[in-house]
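J.: Compact mmCIF, C-alpha atoms, file work.txt:
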# COMPACT_ATOMS: atom_id res chain seq x y z
CA MET Q 1 17.96 -23.76 13.72
CA SER Q 2 16.53 -26.59 11.59
CA ASP Q 3 13.33 -26.55 13.65
CA GLN Q 4 12.52 -23.09 12.28
CA PRO Q 5 9.98 -23.06 9.41
CA PHE Q 6 11.23 -22.21 5.96
CA VAL Q 7 10.13 -18.71 4.92
CA SER Q 8 9.58 -17.36 1.41
CA ILE Q 9 9.77 -13.58 0.93
CA ILE Q 10 7.51 -12.62 -1.99
CA ILE Q 11 8.18 -9.33 -3.82
CA PRO Q 12 6.26 -8.07 -6.88
CA CYS Q 13 8.50 -5.59 -8.64
CA TYR Q 14 8.59 -3.19 -11.61
CA ASN Q 15 11.22 -0.51 -12.30
CA GLU Q 16 12.51 -0.33 -8.74
CA GLN Q 17 16.22 0.29 -9.33
CA ALA Q 18 16.26 3.02 -6.66
CA THR Q 19 15.01 0.86 -3.78
CA ILE Q 20 15.37 -2.85 -4.58
CA ARG Q 21 18.97 -3.10 -3.32
CA LYS Q 22 17.99 -1.44 -0.01
CA LEU Q 23 15.26 -4.04 0.41
CA LEU Q 24 17.55 -6.97 -0.38
CA GLU Q 25 20.22 -5.70 2.02
CA ALA Q 26 17.56 -5.32 4.73
CA LEU Q 27 16.50 -8.93 4.12
CA ARG Q 28 20.08 -10.15 4.33
CA SER Q 29 20.32 -8.37 7.71
CA GLN Q 30 17.38 -10.27 9.18
CA THR Q 31 17.83 -11.95 12.55
CA TYR Q 32 16.03 -14.99 11.14
CA PRO Q 33 18.49 -17.60 9.80
CA LEU Q 34 19.23 -16.97 6.13
CA SER Q 35 19.48 -20.72 5.53
CA ASN Q 36 15.75 -20.92 6.28
CA MET Q 37 14.82 -18.07 3.96
CA GLU Q 38 14.44 -17.45 0.26
CA VAL Q 39 13.52 -14.34 -1.72
CA VAL Q 40 11.34 -14.67 -4.82
CA ILE Q 41 11.05 -11.49 -6.91
CA SER Q 42 8.35 -11.41 -9.56
CA ASP Q 43 9.52 -8.79 -12.04
CA GLY Q 44 6.96 -7.15 -14.34
CA MET Q 45 9.42 -6.82 -17.24
CA SER Q 46 11.30 -3.85 -15.78
CA SER Q 47 12.70 -1.43 -18.36
CA ASP Q 48 15.23 0.27 -16.05
CA ASN Q 49 18.26 -1.26 -14.28
CA THR Q 50 16.26 -3.21 -11.68
CA LEU Q 51 17.39 -6.62 -12.94
CA GLU Q 52 21.02 -5.49 -13.12
CA VAL Q 53 20.84 -4.26 -9.50
CA ILE Q 54 19.38 -7.60 -8.40
CA ALA Q 55 22.05 -9.50 -10.33
CA GLY Q 56 24.73 -7.38 -8.66
CA PHE Q 57 23.36 -8.30 -5.24
CA GLN Q 58 23.31 -11.99 -6.20
CA ARG Q 59 26.98 -11.78 -7.22
CA ASP Q 60 27.97 -9.99 -4.02
CA TYR Q 61 26.10 -12.24 -1.60
CA LYS Q 62 25.65 -15.99 -1.91
CA ASP Q 63 24.26 -16.60 1.58
CA LEU Q 64 20.72 -15.43 0.74
CA SER Q 65 18.77 -17.25 -1.96
CA VAL Q 66 17.32 -14.72 -4.41
CA GLN Q 67 15.26 -15.93 -7.36
CA VAL Q 68 13.75 -13.77 -10.11
CA VAL Q 69 10.72 -14.89 -12.10
CA LYS Q 70 9.14 -13.05 -15.04
CA ASN Q 71 5.70 -11.58 -14.49
CA GLN Q 72 4.55 -11.20 -18.08
CA ALA Q 73 1.03 -10.17 -17.02
CA ARG Q 74 2.71 -7.14 -15.36
CA THR Q 75 0.16 -6.71 -12.57
CA ILE Q 76 0.71 -6.86 -8.82
CA PRO Q 77 -1.68 -9.74 -8.02
CA SER Q 78 -0.37 -11.86 -10.90
CA GLY Q 79 3.17 -11.19 -9.70
CA VAL Q 80 2.32 -12.18 -6.14
CA ASN Q 81 0.59 -15.37 -7.25
CA GLN Q 82 3.40 -16.33 -9.61
CA ALA Q 83 6.02 -15.80 -6.91
CA ILE Q 84 4.01 -17.88 -4.43
CA ARG Q 85 3.77 -20.73 -6.94
CA GLU Q 86 7.54 -20.61 -7.48
CA SER Q 87 8.29 -20.49 -3.74
CA ARG Q 88 8.63 -23.37 -1.30
CA GLY Q 89 8.24 -21.82 2.14
CA GLU Q 90 5.82 -22.99 4.79
CA ILE Q 91 5.33 -19.34 5.73
CA ILE Q 92 5.02 -16.65 3.08
CA VAL Q 93 5.96 -13.04 3.81
CA ARG Q 94 4.86 -10.53 1.23
CA LEU Q 95 6.84 -7.32 0.88
CA ASP Q 96 6.88 -4.37 -1.49
CA ALA Q 97 9.87 -3.21 -3.50
CA HIS Q 98 9.35 0.24 -1.95
CA SER Q 99 9.80 -1.17 1.56
CA MET Q 100 12.68 -1.84 3.93
CA PRO Q 101 11.88 -4.13 6.91
CA ILE Q 102 13.54 -3.89 10.31
CA PRO Q 103 16.03 -6.71 11.14
CA GLU Q 104 13.48 -8.56 13.33
CA TYR Q 105 10.70 -8.40 10.73
CA VAL Q 106 10.71 -12.03 9.54
CA GLU Q 107 11.46 -13.40 13.02
CA ARG Q 108 8.48 -11.55 14.50
CA CYS Q 109 6.17 -12.66 11.68
CA VAL Q 110 7.14 -16.29 12.30
CA GLU Q 111 6.68 -15.89 16.07
CA ALA Q 112 3.21 -14.39 15.58
CA HIS Q 113 2.19 -17.41 13.52
CA ARG Q 114 3.80 -19.81 15.95
CA THR Q 115 1.74 -18.36 18.80
CA GLY Q 116 -1.45 -18.30 16.73
CA LYS Q 117 -1.99 -14.54 16.67
CA GLY Q 118 -3.65 -14.50 13.27
CA ASP Q 119 -4.04 -16.10 9.88
CA ASN Q 120 -2.61 -13.08 8.06
CA VAL Q 121 -0.19 -11.06 10.18
CA GLY Q 122 1.27 -7.70 9.30
CA GLY Q 123 2.80 -4.65 10.89
CA VAL Q 124 3.08 -0.90 10.57
CA TRP Q 125 4.79 1.45 8.16
CA GLU Q 126 7.25 4.22 8.81
CA ILE Q 127 6.71 6.46 5.81
CA ARG Q 128 9.81 8.08 4.32
CA PRO Q 129 10.14 10.32 1.25
CA GLY Q 130 10.89 8.70 -2.07
CA ALA Q 131 13.32 11.48 -3.03
CA ASP Q 132 15.25 14.32 -1.44
CA THR Q 133 12.80 17.11 -2.39
CA TRP Q 134 10.21 19.18 -0.55
CA ILE Q 135 7.48 17.60 -2.68
CA ALA Q 136 8.53 14.05 -1.80
CA GLU Q 137 8.83 14.95 1.88
CA SER Q 138 5.40 16.61 1.86
CA ILE Q 139 3.93 13.46 0.31
CA SER Q 140 5.53 11.30 2.99
CA TYR Q 141 3.90 13.38 5.75
CA ALA Q 142 0.54 13.31 3.93
CA ALA Q 143 0.73 9.53 3.55
CA ALA Q 144 0.95 9.17 7.33
CA HIS Q 145 -1.52 11.92 8.31
CA PRO Q 146 -5.06 11.11 9.52
CA LEU Q 147 -6.52 13.56 6.98
CA GLY Q 148 -4.76 11.62 4.25
CA VAL Q 149 -5.35 8.02 5.34
CA GLY Q 150 -8.25 8.25 7.81
CA ASP Q 151 -8.22 5.41 10.32
CA ALA Q 152 -5.77 3.16 8.45
CA MET Q 153 -4.05 1.99 11.62
CA TYR Q 154 -1.03 0.45 9.90
CA ARG Q 155 0.11 3.97 8.98
CA LEU Q 156 -0.67 5.51 12.39
CA ASN Q 157 0.21 4.80 15.99
CA ALA Q 158 -1.42 1.42 16.46
CA LYS Q 159 -2.08 -1.18 19.13
CA PRO Q 160 -1.90 -4.92 18.50
CA GLY Q 161 -5.16 -6.56 17.57
CA ALA Q 162 -7.51 -7.81 14.87
CA VAL Q 163 -8.01 -5.36 11.97
CA ASP Q 164 -9.65 -5.22 8.54
CA THR Q 165 -6.38 -5.28 6.61
CA VAL Q 166 -2.61 -5.05 6.92
CA PRO Q 167 0.03 -3.96 4.42
CA PHE Q 168 1.74 -6.87 2.67
CA GLY Q 169 1.07 -9.51 5.36
CA SER Q 170 2.48 -12.92 6.20
CA PHE Q 171 0.60 -16.19 6.17
CA ARG Q 172 1.01 -19.93 6.03
CA ARG Q 173 0.87 -21.58 2.63
CA SER Q 174 -2.14 -23.53 3.86
CA LEU Q 175 -4.14 -20.27 3.88
CA ILE Q 176 -3.79 -20.00 0.09
CA GLU Q 177 -4.93 -23.60 -0.21
CA LYS Q 178 -7.96 -22.74 1.95
CA ILE Q 179 -9.22 -19.43 0.48
CA GLY Q 180 -7.45 -19.26 -2.88
CA GLU Q 181 -4.86 -16.98 -4.46
CA PHE Q 182 -4.93 -13.21 -4.83
CA ASP Q 183 -7.62 -12.02 -7.24
CA GLU Q 184 -5.89 -11.19 -10.54
CA THR Q 185 -8.94 -9.31 -11.88
CA LEU Q 186 -8.25 -6.53 -9.35
CA LEU Q 187 -5.25 -4.44 -10.36
CA ALA Q 188 -5.28 -2.69 -6.96
CA ASN Q 189 -6.93 -3.37 -3.59
CA GLU Q 190 -6.11 -7.03 -4.10
CA ASP Q 191 -4.68 -7.18 -0.58
CA TYR Q 192 -7.87 -5.77 0.98
CA GLU Q 193 -9.96 -8.25 -1.01
CA PHE Q 194 -7.68 -11.09 0.12
CA ASN Q 195 -8.03 -10.02 3.75
CA THR Q 196 -11.80 -9.81 3.35
CA ARG Q 197 -11.81 -13.46 2.31
CA VAL Q 198 -9.57 -14.29 5.27
CA ARG Q 199 -12.06 -12.72 7.67
CA GLU Q 200 -15.14 -14.14 5.97
CA SER Q 201 -13.65 -17.63 6.14
CA GLY Q 202 -13.45 -17.26 9.91
CA GLY Q 203 -9.80 -16.23 10.01
CA VAL Q 204 -8.12 -13.32 11.77
CA VAL Q 205 -6.12 -10.48 10.23
CA TRP Q 206 -3.70 -9.39 12.96
CA LEU Q 207 -1.76 -6.15 13.30
CA ASP Q 208 1.45 -6.35 15.33
CA PRO Q 209 3.10 -2.92 15.76
CA SER Q 210 6.45 -4.57 16.58
CA ILE Q 211 6.56 -5.76 12.95
CA ARG Q 212 7.79 -2.59 11.31
CA SER Q 213 9.04 -1.56 7.91
CA VAL Q 214 10.07 1.64 6.18
CA TYR Q 215 7.92 2.47 3.17
CA PHE Q 216 9.16 4.95 0.57
CA SER Q 217 6.25 7.06 -0.64
CA ARG Q 218 5.86 8.46 -4.14
CA SER Q 219 8.24 11.27 -5.07
CA THR Q 220 6.04 13.55 -7.23
CA PHE Q 221 2.45 14.74 -7.23
CA SER Q 222 1.85 13.12 -10.62
CA LYS Q 223 3.01 9.71 -9.34
CA LEU Q 224 0.93 10.19 -6.19
CA ALA Q 225 -2.15 11.08 -8.26
CA ALA Q 226 -1.67 8.02 -10.49
CA GLN Q 227 -1.31 5.79 -7.43
CA TYR Q 228 -4.45 7.07 -5.73
CA TRP Q 229 -6.48 7.14 -8.94
CA ARG Q 230 -5.69 3.43 -9.30
CA TYR Q 231 -6.62 2.80 -5.66
CA GLY Q 232 -9.98 4.54 -6.06
CA PHE Q 233 -10.79 2.94 -9.40
CA TRP Q 234 -10.25 -0.61 -8.21
CA LYS Q 235 -11.74 0.02 -4.78
CA LEU Q 236 -15.20 0.36 -6.31
CA ARG Q 237 -14.73 -2.86 -8.28
CA MET Q 238 -13.88 -4.60 -5.03
CA LEU Q 239 -16.80 -3.02 -3.18
CA LYS Q 240 -19.26 -4.36 -5.74
CA ARG Q 241 -18.37 -7.82 -4.45
CA TYR Q 242 -18.15 -6.86 -0.78
CA PRO Q 243 -20.32 -3.74 -0.27
CA HIS Q 244 -20.41 -4.28 3.49
CA THR Q 245 -16.68 -3.56 3.71
CA LEU Q 246 -17.12 0.15 2.83
CA ARG Q 247 -15.68 2.41 5.54
CA TRP Q 248 -16.50 6.08 6.15
CA ARG Q 249 -13.01 7.25 5.21
CA GLN Q 250 -13.37 5.57 1.81
CA ALA Q 251 -16.72 7.22 1.07
CA LEU Q 252 -15.61 10.82 1.74
CA PRO Q 253 -13.29 11.44 -1.28
CA PRO Q 254 -15.84 10.45 -3.97
CA VAL Q 255 -18.57 12.44 -2.17
CA PHE Q 256 -16.25 15.46 -2.05
CA VAL Q 257 -15.31 15.20 -5.73
CA ALA Q 258 -18.91 14.62 -6.79
CA SER Q 259 -20.05 17.71 -4.86
CA LEU Q 260 -17.33 19.81 -6.49
CA LEU Q 261 -18.34 18.64 -9.95
CA ALA Q 262 -22.03 19.24 -9.20
CA LEU Q 263 -21.37 22.78 -7.99
CA ILE Q 264 -19.16 23.56 -11.01
CA VAL Q 265 -21.94 22.44 -13.36
CA LEU Q 266 -24.52 24.32 -11.31
CA CYS Q 267 -22.47 27.49 -11.64
CA LEU Q 268 -23.19 27.41 -15.38
CA VAL Q 269 -26.91 27.83 -14.83
CA TRP Q 270 -27.12 29.50 -11.41
CA SER Q 271 -24.64 32.27 -10.59
CA PHE Q 272 -25.29 32.02 -6.83
CA ALA Q 273 -23.75 28.51 -6.86
CA VAL Q 274 -20.33 30.14 -7.12
CA TYR Q 275 -20.64 31.16 -3.48
CA PHE Q 276 -21.40 27.61 -2.38
CA LEU Q 277 -18.42 26.33 -4.38
CA ALA Q 278 -16.15 28.99 -2.88
CA LEU Q 279 -17.45 28.20 0.62
CA GLN Q 280 -16.78 24.49 0.21
CA LEU Q 281 -13.26 25.03 -1.12
CA PHE Q 282 -12.53 27.57 1.63
CA ALA Q 283 -13.71 25.19 4.36
CA TYR Q 284 -11.73 22.30 2.85
CA PHE Q 285 -8.44 24.15 2.50
CA PHE Q 286 -8.98 25.90 5.85
CA VAL Q 287 -8.97 22.48 7.56
CA LEU Q 288 -5.95 21.37 5.53
CA GLY Q 289 -4.23 24.66 6.31
CA LEU Q 290 -4.70 24.20 10.05
CA ALA Q 291 -3.23 20.71 9.80
CA ALA Q 292 -0.32 22.09 7.76
CA ILE Q 293 0.41 24.83 10.30
CA ARG Q 294 0.44 22.31 13.13
CA GLN Q 295 2.71 19.91 11.21
CA ALA Q 296 5.05 22.71 10.10
CA MET Q 297 5.40 23.97 13.67
CA LYS Q 298 5.94 20.46 15.00
CA THR Q 299 8.63 19.57 12.45
CA ARG Q 300 9.96 23.09 11.81
CA LYS Q 301 9.62 22.55 8.08
CA GLY Q 302 8.04 25.59 6.50
CA PHE Q 303 7.38 23.99 3.11
CA LEU Q 304 4.68 21.86 4.72
CA LEU Q 305 2.49 24.98 4.90
CA TRP Q 306 1.73 24.47 1.20
CA GLY Q 307 3.19 21.03 0.55
CA LEU Q 308 0.96 19.11 2.97
CA PRO Q 309 -2.36 20.59 1.70
CA LEU Q 310 -1.31 20.00 -1.91
CA ALA Q 311 -0.37 16.38 -1.20
CA ILE Q 312 -3.52 15.55 0.78
CA ALA Q 313 -5.74 17.28 -1.80
CA THR Q 314 -4.03 15.28 -4.55
CA MET Q 315 -4.76 12.05 -2.66
CA HIS Q 316 -8.42 12.94 -2.05
CA ILE Q 317 -9.21 14.21 -5.54
CA ALA Q 318 -7.36 11.43 -7.37
CA TRP Q 319 -8.90 8.69 -5.18
CA GLY Q 320 -12.38 10.16 -5.44
CA SER Q 321 -12.11 10.73 -9.20
CA GLY Q 322 -10.85 7.20 -9.80
CA PHE Q 323 -13.72 5.82 -7.70
CA LEU Q 324 -16.34 7.84 -9.61
CA TRP Q 325 -14.83 7.03 -13.02
CA SER Q 326 -14.88 3.35 -12.13
CA GLY Q 327 -18.63 3.57 -11.63
CA ILE Q 328 -19.24 5.67 -14.76
CA SER Q 329 -17.09 3.47 -17.00
CA SER Q 330 -18.91 0.39 -15.66
CA LEU Q 331 -22.23 1.89 -16.75
CA PHE Q 332 -20.92 2.48 -20.28
CA LYS Q 333 -19.45 -1.01 -20.39
CA ASN Q 334 -22.67 -2.62 -19.20
CA GLY Q 335 -24.66 -0.46 -21.55
Taking this structure as input, can you express it in the form of structure tokens?
T.:
Amino acid sequence: MSDQPFVSIIIPCYNEQATIRKLLEALRSQTYPLSNMEVVISDGMSSDNTLEVIAGFQRDYKDLSVQVVKNQARTIPSGVNQAIRESRGEIIVRLDAHSMPIPEYVERCVEAHRTGKGDNVGGVWEIRPGADTWIAESISYAAAHPLGVGDAMYRLNAKPGAVDTVPFGSFRRSLIEKIGEFDETLLANEDYEFNTRVRESGGVVWLDPSIRSVYFSRSTFSKLAAQYWRYGFWKLRMLKRYPHTLRWRQALPPVFVASLLALIVLCLVWSFAVYFLALQLFAYFFVLGLAAIRQAMKTRKGFLLWGLPLAIATMHIAWGSGFLWSGISSLFKNG
């Protein structure tokens, strides 16, 4: 198998003791030859037992090269860049510590590049709960629902083809040399910004549904809110550079949150505004309720009747609030 390209698996990581071993075991089970693979984990100074779990895997299995580098900047893009610099593969496959790829994942990424499908090639997620609770399971359904993620095809039933972005992605090292590293000034949305540069350089971002991985969603509403606040906050910073990349699904949450805030303020000076606020909230949760009823009947999981609306509303409000606060804080900063 010496004719196969050497592949570097890049993993930014922070406090992932619950999932990192699952990921490493999934990588050791790849159909691609382990002798042509390495794993480079960029750890953001984890304070839990993540490093001990990784060390235990290294002791148990010597047939897969696993290297850990310190990411003292403690951000995702800095971790990705640092791991890439420490790696030596011709093809780089980026994964998340919350993910678990199917056995053919690396092999199919390599084949897609060999056949020239795209410059950055990725696949689809199967969302699973991050804990064994009704809240975590509700979040996992929300993270894969069209009302939660819009037209993000990598989380829905997708067909192969060129897309705006893919989760994680795989690419040749020469792509980094061509368009540059991941932008370390963006603490989220760095993958979307990277894919924007791929497309604007004339390259293709390719989605292959046969490249599949399990992704473990957040386990609590507070963690979900923090995640989506960060997404919204940094999305606006990215859009200031590439305003033409704004999609309708990204504009709706900040518009919704802004309208809620405007109506709440208006209620202070105009009592009739209460009816408009109540009407908007009723219409919003009516739509979410219909989706919850359908999902609960389909899965026979009654907790989704309230869990799904709560999870989707958390995503919308946190994303929209983060987006709006990004713009407001920029005005104060510039002022």
J.: Write out as a PDB file with C-alpha atoms, in the coordinates of the input which residues come within 12 Å of segment 22-30 of chain Q when counting only C-alpha atoms, dropping same-chain ones fewer than 3 positions away.
T.:
ATOM      1  CA  VAL Q   7      10.130 -18.710   4.920  1.00  0.00           C
ATOM      2  CA  SER Q   8       9.580 -17.360   1.410  1.00  0.00           C
ATOM      3  CA  ILE Q   9       9.770 -13.580   0.930  1.00  0.00           C
ATOM      4  CA  ILE Q  10       7.510 -12.620  -1.990  1.00  0.00           C
ATOM      5  CA  ILE Q  11       8.180  -9.330  -3.820  1.00  0.00           C
ATOM      6  CA  CYS Q  13       8.500  -5.590  -8.640  1.00  0.00           C
ATOM      7  CA  GLU Q  16      12.510  -0.330  -8.740  1.00  0.00           C
ATOM      8  CA  GLN Q  17      16.220   0.290  -9.330  1.00  0.00           C
ATOM      9  CA  ALA Q  18      16.260   3.020  -6.660  1.00  0.00           C
ATOM     10  CA  THR Q  19      15.010   0.860  -3.780  1.00  0.00           C
ATOM     11  CA  PRO Q  33      18.490 -17.600   9.800  1.00  0.00           C
ATOM     12  CA  LEU Q  34      19.230 -16.970   6.130  1.00  0.00           C
ATOM     13  CA  SER Q  35      19.480 -20.720   5.530  1.00  0.00           C
ATOM     14  CA  ASN Q  36      15.750 -20.920   6.280  1.00  0.00           C
ATOM     15  CA  MET Q  37      14.820 -18.070   3.960  1.00  0.00           C
ATOM     16  CA  GLU Q  38      14.440 -17.450   0.260  1.00  0.00           C
ATOM     17  CA  VAL Q  39      13.520 -14.340  -1.720  1.00  0.00           C
ATOM     18  CA  VAL Q  40      11.340 -14.670  -4.820  1.00  0.00           C
ATOM     19  CA  ILE Q  41      11.050 -11.490  -6.910  1.00  0.00           C
ATOM     20  CA  THR Q  50      16.260  -3.210 -11.680  1.00  0.00           C
ATOM     21  CA  VAL Q  53      20.840  -4.260  -9.500  1.00  0.00           C
ATOM     22  CA  ILE Q  54      19.380  -7.600  -8.400  1.00  0.00           C
ATOM     23  CA  ALA Q  55      22.050  -9.500 -10.330  1.00  0.00           C
ATOM     24  CA  GLY Q  56      24.730  -7.380  -8.660  1.00  0.00           C
ATOM     25  CA  PHE Q  57      23.360  -8.300  -5.240  1.00  0.00           C
ATOM     26  CA  GLN Q  58      23.310 -11.990  -6.200  1.00  0.00           C
ATOM     27  CA  ASP Q  60      27.970  -9.990  -4.020  1.00  0.00           C
ATOM     28  CA  TYR Q  61      26.100 -12.240  -1.600  1.00  0.00           C
ATOM     29  CA  LYS Q  62      25.650 -15.990  -1.910  1.00  0.00           C
ATOM     30  CA  ASP Q  63      24.260 -16.600   1.580  1.00  0.00           C
ATOM     31  CA  LEU Q  64      20.720 -15.430   0.740  1.00  0.00           C
ATOM     32  CA  SER Q  65      18.770 -17.250  -1.960  1.00  0.00           C
ATOM     33  CA  VAL Q  66      17.320 -14.720  -4.410  1.00  0.00           C
ATOM     34  CA  GLN Q  67      15.260 -15.930  -7.360  1.00  0.00           C
ATOM     35  CA  VAL Q  93       5.960 -13.040   3.810  1.00  0.00           C
ATOM     36  CA  LEU Q  95       6.840  -7.320   0.880  1.00  0.00           C
ATOM     37  CA  ASP Q  96       6.880  -4.370  -1.490  1.00  0.00           C
ATOM     38  CA  ALA Q  97       9.870  -3.210  -3.500  1.00  0.00           C
ATOM     39  CA  HIS Q  98       9.350   0.240  -1.950  1.00  0.00           C
ATOM     40  CA  SER Q  99       9.800  -1.170   1.560  1.00  0.00           C
ATOM     41  CA  MET Q 100      12.680  -1.840   3.930  1.00  0.00           C
ATOM     42  CA  PRO Q 101      11.880  -4.130   6.910  1.00  0.00           C
ATOM     43  CA  ILE Q 102      13.540  -3.890  10.310  1.00  0.00           C
ATOM     44  CA  PRO Q 103      16.030  -6.710  11.140  1.00  0.00           C
ATOM     45  CA  GLU Q 104      13.480  -8.560  13.330  1.00  0.00           C
ATOM     46  CA  TYR Q 105      10.700  -8.400  10.730  1.00  0.00           C
ATOM     47  CA  VAL Q 106      10.710 -12.030   9.540  1.00  0.00           C
ATOM     48  CA  GLU Q 107      11.460 -13.400  13.020  1.00  0.00           C
ATOM     49  CA  ARG Q 108       8.480 -11.550  14.500  1.00  0.00           C
ATOM     50  CA  CYS Q 109       6.170 -12.660  11.680  1.00  0.00           C
ATOM     51  CA  SER Q 213       9.040  -1.560   7.910  1.00  0.00           C
ATOM     52  CA  VAL Q 214      10.070   1.640   6.180  1.00  0.00           C
ATOM     53  CA  TYR Q 215       7.920   2.470   3.170  1.00  0.00           C
ATOM     54  CA  PHE Q 216       9.160   4.950   0.570  1.00  0.00           C
TER      55      PHE Q 216
END
J.: Could you tell me how far atom CA of Gly307 of chain Q sits from atom CA of Ser138 of chain Q, in Å to one decimal place?
T.: 5.1 Å
J.: By how many Å are atom CA of Leu304 of chain Q and atom CA of Ala226 of chain Q apart?
T.: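 Distance between the two atoms: 21.5 Å.
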J.: Segment 273-276 of chain Q: which residues within 7 Å, counting all atoms listed in the file, same-chain residues fewer than 5 positions away excluded, as a ChimeraX atom specification?
T.: /Q:263,266-267
J.: Figure out the distance between atom CA of Val121 of chain Q and atom CA of Gln250 of chain Q, please, to one decimal in Å.
T.: 22.8 Å
J.: For Arg85 of chain Q, which of Q:Ile176, Q:Ile139, Q:Met297, Q:Ala278 is the closest residue, counting only C-alpha atoms?
T.: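 Selected residue with least distance to Arg85 of chain Q: Q:Ile176.
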J.: Counting all atoms listed in the file, which of Q:Gly327, Q:Gly89, Q:Gly118, Q:Gly79 gets nearest to Lys240 of chain Q?
T.: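 Once distances to Lys240 of chain Q are computed over all atoms listed in the file, the minimum belongs to Q:Gly327.
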J.: Quick one: residues within 12 Å of Leu175 of chain Q, only C-alpha atoms, excluding same-chain residues fewer than 2 positions away - as a PyMOL selection string?
T.: chain Q and resi 84+90-92+113+118-121+170-173+177-182+194-195+197-199+201-205
J.: Residues at most 9 Å from Ala313 of chain Q, counting only C-alpha atoms, excluding those fewer than 5 positions away in the same chain, as a PyMOL selection string?
T.: chain Q and resi 148+285+288+308+318
J.: Pick the closest to Thr245 of chain Q from Q:Ser259, Q:Glu200, Q:Tyr228, Q:Val287: which is it, counting only C-alpha atoms?
T.: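 Looking at the shortest contact to Thr245 of chain Q, the residue is Q:Glu200.
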J.: Which one of Q:Asp208, Q:Asp43, Q:Glu193, Q:Asp3 sits closest to Ala73 of chain Q if you count all atoms listed in the file?
T.: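 That would be Q:Asp43, the residue with the smallest distance to Ala73 of chain Q.
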J.: Just the residues within 9 Å of Asp191 of chain Q, please, counting all atoms listed in the file, with nothing from its chain fewer than 6 positions along; format it as a tab-separated table (two decimals) with C-alpha atoms, keeping the file's coordinate frame.
T.:
chain	number	residue	atom	x	y	z
Q	77	PRO	CA	-1.68	-9.74	-8.02
Q	165	THR	CA	-6.38	-5.28	6.61
Q	166	VAL	CA	-2.61	-5.05	6.92
Q	167	PRO	CA	0.03	-3.96	4.42
Q	168	PHE	CA	1.74	-6.87	2.67
Q	169	GLY	CA	1.07	-9.51	5.36
Q	182	PHE	CA	-4.93	-13.21	-4.83
Q	183	ASP	CA	-7.62	-12.02	-7.24
J.: Let me make sure I understand: among Q:Ser174, Q:Thr115, Q:Asn15, Q:Ser271, which one has the smallest atom-to-atom distance to Arg88 of chain Q if we use only C-alpha atoms?
T.: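 Of Q:Ser174, Q:Thr115, Q:Asn15, Q:Ser271, the one nearest Arg88 of chain Q is Q:Ser174, counting only C-alpha atoms.
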J.: Using only C-alpha atoms, pick whichever of Q:Arg247, Q:Arg294, Q:Arg237, Q:Lys301 has the shortest atom-to-atom distance to Leu324 of chain Q.
T.: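 Ranking Q:Arg247, Q:Arg294, Q:Arg237, Q:Lys301 by distance to Leu324 of chain Q, first place goes to Q:Arg237.
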J.: Output as a PDB file, keeping the file's coordinate frame: segment 100-111 of chain Q, completed with N, CA and C atoms.
T.:
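Everything below was put into rebuild.pdb:
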ATOM      1  N   MET Q 100      11.427  -1.427   3.329  1.00  0.00           N
ATOM      2  CA  MET Q 100      12.680  -1.840   3.930  1.00  0.00           C
ATOM      3  C   MET Q 100      12.371  -2.306   5.366  1.00  0.00           C
ATOM      4  N   PRO Q 101      12.280  -3.619   5.600  1.00  0.00           N
ATOM      5  CA  PRO Q 101      11.880  -4.130   6.910  1.00  0.00           C
ATOM      6  C   PRO Q 101      12.984  -4.012   7.953  1.00  0.00           C
ATOM      7  N   ILE Q 102      12.573  -3.898   9.222  1.00  0.00           N
ATOM      8  CA  ILE Q 102      13.540  -3.890  10.310  1.00  0.00           C
ATOM      9  C   ILE Q 102      14.178  -5.280  10.412  1.00  0.00           C
ATOM     10  N   PRO Q 103      15.341  -5.409  11.080  1.00  0.00           N
ATOM     11  CA  PRO Q 103      16.030  -6.710  11.140  1.00  0.00           C
ATOM     12  C   PRO Q 103      15.202  -7.843  11.747  1.00  0.00           C
ATOM     13  N   GLU Q 104      14.282  -7.530  12.658  1.00  0.00           N
ATOM     14  CA  GLU Q 104      13.480  -8.560  13.330  1.00  0.00           C
ATOM     15  C   GLU Q 104      12.182  -8.870  12.605  1.00  0.00           C
ATOM     16  N   TYR Q 105      11.986  -8.313  11.423  1.00  0.00           N
ATOM     17  CA  TYR Q 105      10.700  -8.400  10.730  1.00  0.00           C
ATOM     18  C   TYR Q 105      10.259  -9.858  10.520  1.00  0.00           C
ATOM     19  N   VAL Q 106      11.075 -10.644   9.853  1.00  0.00           N
ATOM     20  CA  VAL Q 106      10.710 -12.030   9.540  1.00  0.00           C
ATOM     21  C   VAL Q 106      10.566 -12.838  10.828  1.00  0.00           C
ATOM     22  N   GLU Q 107      11.502 -12.660  11.755  1.00  0.00           N
ATOM     23  CA  GLU Q 107      11.460 -13.400  13.020  1.00  0.00           C
ATOM     24  C   GLU Q 107      10.153 -13.138  13.759  1.00  0.00           C
ATOM     25  N   ARG Q 108       9.713 -11.890  13.785  1.00  0.00           N
ATOM     26  CA  ARG Q 108       8.480 -11.550  14.500  1.00  0.00           C
ATOM     27  C   ARG Q 108       7.242 -12.044  13.772  1.00  0.00           C
ATOM     28  N   CYS Q 109       7.274 -12.071  12.441  1.00  0.00           N
ATOM     29  CA  CYS Q 109       6.170 -12.660  11.680  1.00  0.00           C
ATOM     30  C   CYS Q 109       6.032 -14.149  12.017  1.00  0.00           C
ATOM     31  N   VAL Q 110       7.148 -14.855  12.003  1.00  0.00           N
ATOM     32  CA  VAL Q 110       7.140 -16.290  12.300  1.00  0.00           C
ATOM     33  C   VAL Q 110       6.637 -16.535  13.720  1.00  0.00           C
ATOM     34  N   GLU Q 111       7.093 -15.733  14.671  1.00  0.00           N
ATOM     35  CA  GLU Q 111       6.680 -15.890  16.070  1.00  0.00           C
ATOM     36  C   GLU Q 111       5.180 -15.645  16.225  1.00  0.00           C
TER      37      GLU Q 111
END
